[in-house]
$ cat entry-v7.cif   # mmCIF, C-alpha atoms
data_query
loop_
_atom_site.label_atom_id
_atom_site.label_comp_id
_atom_site.auth_asym_id
_atom_site.auth_seq_id
_atom_site.Cartn_x
_atom_site.Cartn_y
_atom_site.Cartn_z
CA SER F 12 13.39 -39.10 -11.48
CA ALA F 13 11.43 -35.93 -10.76
CA LEU F 14 12.07 -36.28 -7.03
CA GLU F 15 15.83 -36.56 -7.57
CA GLN F 16 15.80 -33.54 -9.87
CA PHE F 17 13.74 -31.58 -7.35
CA LYS F 18 15.94 -32.52 -4.41
CA SER F 19 19.07 -31.48 -6.32
CA PHE F 20 17.33 -28.25 -7.33
CA VAL F 21 16.45 -27.46 -3.72
CA ALA F 22 19.91 -28.38 -2.45
CA SER F 23 21.80 -26.35 -5.07
CA THR F 24 19.49 -23.32 -5.32
CA LYS F 25 19.77 -20.68 -2.63
CA SER F 26 18.11 -18.06 -4.84
CA ALA F 27 16.87 -17.68 -8.41
CA LYS F 28 15.18 -15.27 -10.78
CA GLY F 29 13.42 -15.41 -14.14
CA GLU F 30 10.20 -14.83 -16.03
CA PHE F 31 6.87 -16.60 -15.83
CA SER F 32 3.70 -16.82 -17.87
CA GLN F 33 0.45 -18.03 -16.37
CA ARG F 34 -2.80 -19.24 -17.90
CA GLN F 35 -6.00 -20.53 -16.42
CA ILE F 36 -7.65 -23.79 -17.53
CA LYS F 37 -11.14 -24.65 -16.31
CA ASN F 38 -11.67 -28.41 -16.29
CA MET F 39 -15.30 -28.83 -17.35
CA ASP F 40 -15.91 -32.53 -16.59
CA GLY F 41 -12.79 -33.88 -18.17
CA GLY F 42 -12.44 -31.52 -21.10
CA SER F 43 -10.30 -28.43 -20.48
CA THR F 44 -11.23 -25.05 -21.85
CA ALA F 45 -8.49 -22.43 -21.66
CA LYS F 46 -9.91 -19.05 -20.61
CA PRO F 47 -8.23 -16.80 -23.23
CA ALA F 48 -8.61 -13.57 -21.35
CA SER F 49 -6.87 -14.93 -18.31
CA ASN F 50 -3.26 -15.07 -19.56
CA SER F 51 -0.79 -13.12 -17.47
CA SER F 52 2.98 -12.86 -17.29
CA GLY F 53 5.73 -11.23 -15.29
CA THR F 54 8.96 -11.75 -13.41
CA PHE F 55 10.00 -13.50 -10.22
CA VAL F 56 12.99 -13.52 -7.91
CA PHE F 57 13.36 -15.55 -4.74
CA ALA F 58 15.83 -16.43 -1.97
CA ARG F 59 15.39 -19.21 0.56
CA PRO F 60 13.80 -19.29 2.98
CA GLY F 61 10.66 -17.25 2.50
CA LYS F 62 11.83 -14.31 0.40
CA PHE F 63 10.31 -13.69 -3.01
CA ILE F 64 8.99 -11.02 -5.38
CA TRP F 65 6.32 -12.26 -7.80
CA THR F 66 5.51 -9.42 -10.18
CA TYR F 67 2.63 -9.45 -12.68
CA VAL F 68 3.49 -7.10 -15.56
CA LYS F 69 0.76 -8.06 -18.00
CA PRO F 70 -2.20 -7.55 -18.20
CA TYR F 71 -1.96 -5.45 -15.04
CA ASP F 72 0.56 -4.28 -12.42
CA GLN F 73 0.38 -6.45 -9.33
CA LEU F 74 3.11 -7.48 -6.93
CA LEU F 75 3.35 -10.20 -4.28
CA GLN F 76 6.46 -9.73 -2.13
CA ALA F 77 7.73 -11.56 0.93
CA ASP F 78 10.71 -10.27 2.89
CA GLY F 79 10.94 -13.31 5.15
CA GLU F 80 8.55 -11.89 7.77
CA GLN F 81 5.75 -10.05 5.98
CA LEU F 82 3.79 -10.66 2.79
CA TYR F 83 2.95 -7.52 0.77
CA ILE F 84 0.29 -7.56 -1.94
CA TYR F 85 0.29 -4.37 -4.06
CA ASP F 86 -2.17 -3.72 -6.87
CA LYS F 87 -1.59 -0.51 -8.81
CA ASP F 88 -5.13 -0.13 -10.18
CA LEU F 89 -6.67 -0.81 -6.76
CA ASN F 90 -3.99 1.54 -5.34
CA GLN F 91 -3.73 -0.72 -2.32
CA VAL F 92 -0.98 -2.49 -0.37
CA THR F 93 -2.13 -5.32 1.91
CA VAL F 94 0.41 -6.37 4.53
CA LYS F 95 0.11 -9.73 6.24
CA LYS F 96 2.37 -11.85 8.42
CA LEU F 97 4.13 -14.32 6.14
CA GLY F 98 3.85 -17.22 8.63
CA ASP F 99 1.01 -19.42 7.46
CA ALA F 100 0.45 -17.49 4.21
CA LEU F 101 3.41 -19.39 2.73
CA GLY F 102 2.57 -22.79 4.25
CA SER F 103 1.14 -24.92 1.50
CA SER F 104 1.12 -22.39 -1.31
CA PRO F 105 3.09 -22.85 -4.55
CA ALA F 106 5.51 -20.29 -3.22
CA ALA F 107 6.43 -22.73 -0.47
CA ILE F 108 7.53 -25.26 -3.06
CA LEU F 109 9.93 -23.04 -4.93
CA PHE F 110 10.85 -20.46 -2.37
CA GLY F 111 10.04 -21.85 1.02
CA SER F 112 12.15 -23.73 3.46
CA ASN F 113 13.33 -26.98 1.96
CA ASP F 114 11.59 -29.56 4.19
CA LEU F 115 8.79 -29.92 1.68
CA GLU F 116 7.68 -33.28 3.00
CA LYS F 117 6.44 -31.49 6.13
CA ASN F 118 3.55 -29.83 4.24
CA PHE F 119 3.19 -32.04 1.17
CA THR F 120 2.97 -35.70 0.19
CA LEU F 121 5.30 -36.12 -2.82
CA ALA F 122 4.87 -38.61 -5.67
CA GLU F 123 6.29 -39.19 -9.14
CA GLY F 124 4.06 -37.78 -11.88
CA GLY F 125 5.77 -39.39 -14.89
CA THR F 126 7.14 -37.66 -18.00
CA LYS F 127 5.07 -35.24 -20.08
CA GLU F 128 6.15 -32.71 -22.75
CA GLY F 129 9.80 -33.64 -22.13
CA LEU F 130 9.57 -32.75 -18.41
CA GLU F 131 9.69 -35.06 -15.42
CA TRP F 132 6.77 -34.20 -13.15
CA LEU F 133 6.64 -34.25 -9.35
CA LYS F 134 3.19 -34.28 -7.72
CA ALA F 135 2.80 -32.53 -4.35
CA THR F 136 -0.44 -32.96 -2.44
CA PRO F 137 -0.93 -30.59 0.53
CA LYS F 138 -1.28 -32.44 3.82
CA ALA F 139 -3.40 -29.63 5.29
CA LYS F 140 -7.00 -30.05 4.17
CA ASP F 141 -8.20 -26.47 4.25
CA THR F 142 -5.92 -25.10 1.56
CA SER F 143 -7.32 -23.83 -1.72
CA PHE F 144 -5.10 -26.37 -3.54
CA GLU F 145 -5.95 -29.93 -4.34
CA GLN F 146 -2.61 -30.64 -6.00
CA ILE F 147 0.54 -28.90 -7.21
CA SER F 148 2.70 -30.46 -9.92
CA ILE F 149 6.19 -29.33 -10.92
CA GLY F 150 7.74 -30.16 -14.30
CA LEU F 151 11.54 -30.33 -14.25
CA ARG F 152 14.25 -30.64 -16.88
CA ASN F 153 18.03 -30.72 -16.20
CA GLY F 154 17.37 -30.10 -12.52
CA LEU F 155 15.38 -26.89 -13.10
CA PRO F 156 11.62 -26.28 -12.77
CA GLU F 157 10.18 -25.30 -16.15
CA ALA F 158 6.48 -25.56 -15.41
CA MET F 159 4.00 -25.84 -12.56
CA GLU F 160 0.35 -26.85 -12.51
CA LEU F 161 -1.78 -25.65 -9.60
CA LYS F 162 -5.11 -27.50 -9.33
CA ASP F 163 -7.71 -26.05 -6.95
CA SER F 164 -10.64 -27.87 -5.40
CA PHE F 165 -13.04 -26.45 -8.04
CA GLY F 166 -11.23 -28.16 -10.89
CA GLN F 167 -9.54 -24.99 -12.07
CA VAL F 168 -5.89 -25.36 -13.07
CA SER F 169 -3.33 -22.54 -13.25
CA VAL F 170 -0.48 -23.49 -15.58
CA LEU F 171 2.78 -21.62 -14.99
CA ALA F 172 5.74 -21.71 -17.40
CA PHE F 173 9.15 -20.39 -16.36
CA LYS F 174 11.70 -18.83 -18.73
CA LYS F 175 15.24 -17.41 -18.34
CA PHE F 176 15.53 -19.29 -15.03
CA GLU F 177 18.80 -18.09 -13.44
CA LYS F 178 20.10 -20.00 -10.43
CA ASN F 179 21.87 -18.19 -7.55
CA PRO F 180 22.09 -14.75 -9.20
CA ALA F 181 23.90 -11.91 -7.41
CA LEU F 182 21.28 -10.15 -5.26
CA GLY F 183 21.70 -6.89 -3.33
CA ALA F 184 21.53 -6.99 0.48
CA ASN F 185 18.02 -5.50 0.58
CA ALA F 186 16.80 -6.94 -2.70
CA PHE F 187 13.63 -8.08 -0.92
CA LYS F 188 13.03 -4.96 1.16
CA PHE F 189 9.54 -3.69 0.23
CA VAL F 190 9.38 -0.08 -0.96
CA MET F 191 5.97 1.43 -0.22
CA PRO F 192 4.61 2.97 -3.45
CA LYS F 193 3.83 6.66 -3.06
CA GLY F 194 0.18 7.43 -2.48
CA ALA F 195 -0.95 3.81 -2.10
CA ASP F 196 -3.41 3.01 0.67
CA VAL F 197 -1.94 0.53 3.15
CA PHE F 198 -4.00 -2.09 4.99
CA ASN F 199 -2.23 -3.98 7.76
CA ASN F 200 -3.71 -7.26 8.87
CA CYS V 20 4.85 15.86 -24.43
CA ALA V 21 2.22 15.41 -21.75
CA THR V 22 -1.07 14.93 -23.55
CA LEU V 23 -3.93 16.80 -21.97
CA SER V 24 -6.52 14.20 -21.00
CA ALA V 25 -9.85 15.13 -22.55
CA PRO V 26 -12.22 16.93 -20.16
CA PRO V 27 -14.38 14.28 -18.45
CA SER V 28 -17.26 13.52 -20.78
CA GLY V 29 -20.70 13.84 -19.33
CA ALA V 30 -21.84 10.90 -21.42
CA PRO V 31 -23.49 8.27 -19.22
CA VAL V 32 -22.45 4.61 -19.24
CA ALA V 33 -23.48 2.03 -21.79
CA ALA V 34 -27.04 0.69 -21.69
CA TYR V 35 -27.83 -1.76 -18.89
CA ARG V 36 -27.51 -5.42 -19.86
CA ALA V 37 -29.44 -8.10 -18.02
CA THR V 38 -27.06 -10.84 -19.21
CA LEU V 39 -23.27 -10.38 -19.09
CA GLU V 40 -19.96 -11.75 -17.89
CA LEU V 41 -17.24 -9.67 -16.22
CA GLY V 42 -13.85 -10.44 -14.71
CA GLY V 43 -11.35 -8.41 -12.75
CA ARG V 44 -9.68 -7.87 -9.41
CA LEU V 45 -11.00 -6.77 -6.07
CA SER V 46 -9.90 -6.03 -2.57
CA VAL V 47 -12.17 -6.22 0.46
CA ASN V 48 -11.20 -4.32 3.59
CA TYR V 49 -13.34 -5.19 6.60
CA SER V 50 -13.07 -5.97 10.27
CA ARG V 51 -13.70 -9.28 11.98
CA ASP V 52 -13.94 -9.54 15.77
CA GLY V 53 -12.63 -5.98 15.86
CA LYS V 54 -9.47 -6.84 13.89
CA PRO V 55 -8.77 -5.31 10.43
CA GLU V 56 -8.83 -7.91 7.66
CA SER V 57 -8.13 -7.61 3.93
CA LEU V 58 -8.74 -9.98 1.08
CA SER V 59 -7.38 -9.29 -2.40
CA GLY V 60 -7.77 -11.46 -5.43
CA LYS V 61 -9.53 -11.97 -8.72
CA PHE V 62 -13.22 -12.37 -9.42
CA ASN V 63 -15.39 -13.66 -12.21
CA TRP V 64 -19.03 -12.49 -12.46
CA THR V 65 -21.68 -14.15 -14.67
CA GLN V 66 -25.16 -12.60 -14.63
CA THR V 67 -28.48 -13.55 -16.25
CA PRO V 68 -31.94 -12.18 -15.35
CA GLN V 69 -32.56 -15.14 -12.99
CA ARG V 70 -29.08 -15.94 -11.71
CA VAL V 71 -25.68 -14.56 -10.66
CA ASP V 72 -22.55 -16.72 -10.38
CA VAL V 73 -19.46 -15.21 -8.74
CA SER V 74 -16.11 -16.89 -8.18
CA LEU V 75 -13.42 -15.35 -5.98
CA ALA V 76 -9.84 -16.51 -6.62
CA SER V 77 -6.41 -15.86 -5.13
CA PRO V 78 -3.95 -13.70 -7.10
CA LEU V 79 -2.46 -16.98 -8.44
CA GLY V 80 -5.89 -18.04 -9.67
CA GLN V 81 -7.04 -20.65 -7.15
CA ILE V 82 -10.76 -20.32 -6.48
CA ILE V 83 -11.35 -19.50 -2.80
CA ALA V 84 -15.14 -19.28 -2.92
CA ALA V 85 -17.89 -19.83 -5.50
CA ILE V 86 -21.26 -18.13 -5.00
CA SER V 87 -24.48 -18.62 -6.95
CA VAL V 88 -27.65 -16.61 -6.35
CA THR V 89 -31.10 -17.30 -7.76
CA PRO V 90 -34.37 -15.72 -6.54
CA GLY V 91 -34.91 -17.13 -3.02
CA GLN V 92 -31.75 -19.29 -2.87
CA ALA V 93 -28.09 -18.45 -2.36
CA THR V 94 -25.32 -21.04 -2.33
CA LEU V 95 -21.74 -20.42 -1.21
CA THR V 96 -18.99 -23.04 -1.52
CA GLU V 97 -15.59 -22.40 0.00
CA ALA V 98 -12.53 -24.35 -1.15
CA GLY V 99 -12.40 -27.70 0.61
CA LYS V 100 -15.73 -27.18 2.43
CA PRO V 101 -19.29 -28.41 1.76
CA PRO V 102 -21.64 -25.88 0.09
CA ARG V 103 -23.81 -23.72 2.36
CA THR V 104 -27.19 -22.40 1.30
CA ALA V 105 -29.49 -19.68 2.64
CA ALA V 106 -32.37 -17.58 1.42
CA ASP V 107 -30.19 -14.55 0.71
CA ILE V 108 -26.51 -14.14 -0.06
CA ASP V 109 -25.88 -11.02 2.01
CA SER V 110 -26.30 -12.82 5.37
CA LEU V 111 -24.72 -16.03 4.02
CA SER V 112 -21.54 -14.28 2.81
CA ALA V 113 -21.31 -12.26 6.05
CA GLN V 114 -21.52 -15.52 8.05
CA ALA V 115 -19.17 -17.62 5.92
CA LEU V 116 -16.67 -15.06 4.67
CA GLY V 117 -16.92 -12.45 7.45
CA TRP V 118 -17.89 -9.72 4.95
CA GLU V 119 -21.04 -9.07 3.01
CA LEU V 120 -20.99 -9.32 -0.79
CA PRO V 121 -23.93 -7.15 -1.95
CA VAL V 122 -24.70 -9.31 -4.98
CA SER V 123 -28.12 -7.83 -5.74
CA GLY V 124 -26.70 -4.30 -5.68
CA LEU V 125 -23.68 -5.26 -7.79
CA ARG V 126 -25.98 -6.44 -10.60
CA ASP V 127 -26.51 -2.72 -11.28
CA TRP V 128 -23.41 -1.13 -9.81
CA LEU V 129 -20.90 -3.07 -11.97
CA GLN V 130 -22.52 -1.46 -15.01
CA GLY V 131 -22.74 2.04 -13.55
CA TYR V 132 -26.36 2.01 -12.41
CA ALA V 133 -27.86 2.26 -8.91
CA THR V 134 -30.96 3.18 -6.94
CA ALA V 135 -30.15 6.35 -5.02
CA ALA V 136 -31.19 7.02 -1.41
CA ASP V 137 -34.24 8.98 -2.63
CA GLY V 138 -35.29 6.05 -4.81
CA SER V 139 -34.28 7.77 -8.06
CA ARG V 140 -32.33 5.88 -10.77
CA PHE V 141 -28.64 6.87 -10.71
CA VAL V 142 -26.65 6.58 -13.96
CA ALA V 143 -22.89 7.03 -13.55
CA SER V 144 -20.66 9.18 -15.73
CA PRO V 145 -17.26 10.82 -15.25
CA VAL V 146 -18.97 14.00 -14.06
CA HIS V 147 -21.61 12.20 -12.01
CA ASP V 148 -19.54 9.56 -10.28
CA THR V 149 -20.73 9.27 -6.66
CA VAL V 150 -23.98 8.12 -5.10
CA THR V 151 -25.31 6.74 -1.80
CA THR V 152 -27.70 3.90 -2.52
CA ARG V 153 -31.04 3.28 -0.88
CA ASP V 154 -29.62 0.38 1.17
CA GLY V 155 -26.79 2.48 2.56
CA TRP V 156 -23.81 1.79 0.28
CA ARG V 157 -21.66 4.64 -1.00
CA LEU V 158 -20.42 4.12 -4.57
CA ARG V 159 -17.64 6.02 -6.27
CA TYR V 160 -16.82 5.46 -9.95
CA VAL V 161 -13.07 6.13 -9.83
CA SER V 162 -11.97 5.28 -13.38
CA TRP V 163 -13.33 4.23 -16.77
CA GLN V 164 -12.42 1.73 -19.46
CA GLU V 165 -10.32 3.43 -22.13
CA GLU V 166 -12.40 2.42 -25.12
CA GLY V 167 -12.36 5.86 -26.68
CA GLY V 168 -15.74 7.22 -27.66
CA ALA V 169 -18.70 7.24 -25.32
CA PRO V 170 -20.57 5.72 -23.78
CA SER V 171 -17.97 4.03 -21.65
CA ARG V 172 -17.91 1.31 -18.97
CA PRO V 173 -16.67 1.57 -15.41
CA LYS V 174 -13.15 0.30 -14.65
CA ARG V 175 -12.59 0.98 -10.92
CA ILE V 176 -15.51 1.19 -8.53
CA ASP V 177 -15.16 1.81 -4.79
CA VAL V 178 -18.08 0.40 -2.79
CA GLU V 179 -18.25 1.43 0.86
CA ARG V 180 -20.64 0.60 3.65
CA LEU V 181 -20.55 3.18 6.45
CA ALA V 182 -20.36 1.78 9.98
CA GLY V 183 -23.54 2.10 11.99
CA GLY V 184 -25.37 0.11 14.67
CA GLN V 185 -23.85 -3.38 14.72
CA VAL V 186 -22.86 -3.02 11.08
CA ASP V 187 -19.10 -2.73 10.65
CA GLU V 188 -17.44 -0.38 8.22
CA MET V 189 -16.42 -2.20 5.04
CA ALA V 190 -14.88 -1.18 1.74
CA ILE V 191 -14.65 -3.11 -1.53
CA ARG V 192 -12.47 -1.89 -4.38
CA ILE V 193 -13.29 -3.43 -7.74
CA VAL V 194 -11.33 -3.13 -10.98
CA ILE V 195 -13.02 -4.62 -14.05
CA ASP V 196 -10.47 -6.14 -16.46
CA GLU V 197 -12.66 -8.00 -18.92
CA PRO V 198 -15.70 -5.92 -19.66
CA ALA V 199 -18.37 -7.83 -21.60
CA PRO V 200 -17.41 -7.78 -25.30
#
$ encode --input "entry-v7.cif" --output "structure tokens"
Amino acid sequence: SALEQFKSFVASTKSAKGEFSQRQIKNMDGGSTAKPASNSSGTFVFARPGKFIWTYVKPYDQLLQADGEQLYIYDKDLNQVTVKKLGDALGSSPAAILFGSNDLEKNFTLAEGGTKEGLEWLKATPKAKDTSFEQISIGLRNGLPEAMELKDSFGQVSVLAFKKFEKNPALGANAFKFVMPKGADVFNN
Amino acid sequence: CATLSAPPSGAPVAAYRATLELGGRLSVNYSRDGKPESLSGKFNWTQTPQRVDVSLASPLGQIIAAISVTPGQATLTEAGKPPRTAADIDSLSAQALGWELPVSGLRDWLQGYATAADGSRFVASPVHDTVTTRDGWRLRYVSWQEEGGAPSRPKRIDVERLAGGQVDEMAIRIVIDEPAP
């Protein structure tokens, strides 16, 4: 089942890296219209608990990085780095599912989502009410996440697909240490 | 070999359009109860002569707030909260979000137009890229869409409100990714 696959994934995966592609689907009363211009793609690497680097390469340079304590958001065009305490920022975000601490049931109610496109889907509904997510679904195959669907409370769905998923790769000691880009304006919150 | 970028063209921006749709990224740097706050994410902007619809989303694409403004009515809906309405969006967004989204100004600014402090019509271009508007916002057109050939469209716009009286300093940085086709 999806839950078994996910539990084995969490138990056996200390860290991982790979590539992602992301597209936005707006659910207009049932029908779903993909917004062509909103496709993006990039790379990710993470290590439990709470360390990840989510890098958008196309169509723009943007980086979300957590070093376990702080969350850094860097956008090259905006030439800005925003630094926030990781704490609640991770909470019930999709990052928490893949990269967070592994007691998922604390923040989410989990349920089987059936099989679709050859993947077994796990549905995670945030317990906290004030998150921007209504539901997060994870599609797994052979114990690895291959897709995620993030549904917000406005009916918009972000569909993520993962490729070249590598479990427990060798990572340098300060693989998640944030390097401040030269000349970027920093905003600490 | 390093190509010499062409000298900034003096050509002004494309003609103003009353109806258009734009998308891009923005960051808002403001202070709330004296503490510095920053929001960064994506936005979508749909404008017609009678209406503006703006959605603000997280970097991963989840909509955080949806705003719609028609003459005399502004509605703001935050994720997971009931919609709030008011006569104008500036006070409504300041109340709900803690920072003011100058929607009426942005109708012009996003296309490179503004009403300057002396009431004259400002038209942006690479050589004429800064203005202080009549309602006290300082605009700087930092970069332009690379479409080759003039007239061009703005890409990055810095919008700043200078602190004064009980108004806090605030800065919005906007990068337009999907200019209207």
$ resolve_selection --input "entry-v7.cif" --expression "the PyMOL selection byres ((chain F) within 6 of (chain V))" --output "list in words"
Asp141, Ser143, Asp163, Ser164 and Asn200 of chain F
$ resolve_selection --input "entry-v7.cif" --expression "the PyMOL selection byres ((chain F and resi 13) around 8)" --output "list in words"
Ser12, Leu14, Glu15, Gln16, Phe17, Glu123, Gly124, Gly125, Glu131, Trp132, Leu133, Gly150 and Leu151 of chain F
$ axis_aligned_box --input "entry-v7.cif" --around "range 177-189 of chain F" --padding-each-side "5 Å" --output "JSON"
{"center_x": 16.7, "center_y": -11.8, "center_z": -6.1, "size_x": 24.4, "size_y": 26.3, "size_z": 24.6}
$ resolve_selection --input "entry-v7.cif" --expression "the PyMOL selection byres ((chain F and resi 29) around 12)" --output "PyMOL selection string"
chain F and resi 26-28+30-32+52-57+63-66+155-157+172-180
$ atom_distance --input "entry-v7.cif" --atom1 "CA of Met191 in chain F" --atom2 "CA of Val47 in chain V"
19.7 Å
$ residues_around --input "entry-v7.cif" --residues "Leu111 in chain V" --least-positions-apart "5" --cutoff "8 Å" --atoms "all atoms listed in the file" --output "CSV table (one decimal) with C-alpha atoms, in the frame of the given file"
chain,number,residue,atom,x,y,z
V,93,ALA,CA,-28.1,-18.4,-2.4
V,95,LEU,CA,-21.7,-20.4,-1.2
V,103,ARG,CA,-23.8,-23.7,2.4
V,104,THR,CA,-27.2,-22.4,1.3
V,105,ALA,CA,-29.5,-19.7,2.6
V,119,GLU,CA,-21.0,-9.1,3.0
$ decode --input "entry-v7.cif" --residues "range 27-95 of chain V" --atoms "C-alpha atoms" --output "compact mmCIF listing (two decimals), in the first residue's frame"
# COMPACT_ATOMS: atom_id res chain seq x y z
CA PRO V 27 20.36 52.12 -23.20
CA SER V 28 17.73 53.07 -25.76
CA GLY V 29 15.74 56.15 -25.01
CA ALA V 30 12.69 54.53 -26.56
CA PRO V 31 9.75 54.64 -24.14
CA VAL V 32 7.75 51.56 -23.17
CA ALA V 33 5.02 49.95 -25.23
CA ALA V 34 1.64 51.69 -25.43
CA TYR V 35 -0.56 51.47 -22.33
CA ARG V 36 -3.09 48.63 -22.40
CA ALA V 37 -6.27 48.83 -20.36
CA THR V 38 -6.75 45.05 -20.49
CA LEU V 39 -3.85 42.63 -19.85
CA GLU V 40 -2.58 39.70 -17.83
CA LEU V 41 0.88 39.53 -16.23
CA GLY V 42 2.66 37.00 -14.04
CA GLY V 43 5.95 37.03 -12.18
CA ARG V 44 7.64 37.09 -8.82
CA LEU V 45 7.74 39.65 -6.07
CA SER V 46 9.22 40.28 -2.70
CA VAL V 47 7.70 42.63 -0.12
CA ASN V 48 9.92 44.00 2.62
CA TYR V 49 8.00 45.80 5.35
CA SER V 50 7.80 46.12 9.10
CA ARG V 51 5.03 44.93 11.36
CA ASP V 52 4.87 45.97 15.02
CA GLY V 53 8.38 47.32 14.54
CA LYS V 54 9.77 43.96 13.37
CA PRO V 55 11.19 43.48 9.82
CA GLU V 56 9.08 41.11 7.73
CA SER V 57 9.58 39.78 4.20
CA LEU V 58 7.27 37.93 1.88
CA SER V 59 8.51 36.44 -1.38
CA GLY V 60 6.49 34.51 -3.87
CA LYS V 61 4.75 34.55 -7.22
CA PHE V 62 1.93 36.77 -8.42
CA ASN V 63 -0.62 36.75 -11.18
CA TRP V 64 -2.21 40.05 -12.30
CA THR V 65 -5.34 40.29 -14.50
CA GLN V 66 -6.54 43.80 -15.39
CA THR V 67 -9.55 45.15 -17.29
CA PRO V 68 -10.82 48.76 -17.31
CA GLN V 69 -13.30 47.97 -14.49
CA ARG V 70 -11.48 45.30 -12.50
CA VAL V 71 -8.13 44.01 -11.23
CA ASP V 72 -7.60 40.46 -9.96
CA VAL V 73 -4.32 39.64 -8.19
CA SER V 74 -3.28 36.31 -6.72
CA LEU V 75 -0.21 35.95 -4.49
CA ALA V 76 1.31 32.46 -4.25
CA SER V 77 4.17 30.80 -2.38
CA PRO V 78 7.31 29.87 -4.34
CA LEU V 79 5.82 26.35 -4.65
CA GLY V 80 2.67 27.80 -6.18
CA GLN V 81 0.10 27.66 -3.36
CA ILE V 82 -2.12 30.73 -3.43
CA ILE V 83 -1.72 32.69 -0.17
CA ALA V 84 -4.11 35.53 -0.97
CA ALA V 85 -6.50 36.45 -3.79
CA ILE V 86 -7.49 40.10 -4.25
CA SER V 87 -10.12 41.58 -6.56
CA VAL V 88 -10.73 45.30 -6.96
CA THR V 89 -13.63 46.97 -8.75
CA PRO V 90 -14.60 50.66 -8.47
CA GLY V 91 -15.83 51.11 -4.87
CA GLN V 92 -15.29 47.50 -3.72
CA ALA V 93 -12.18 45.54 -2.79
CA THR V 94 -12.22 41.90 -1.73
CA LEU V 95 -9.30 40.02 -0.18
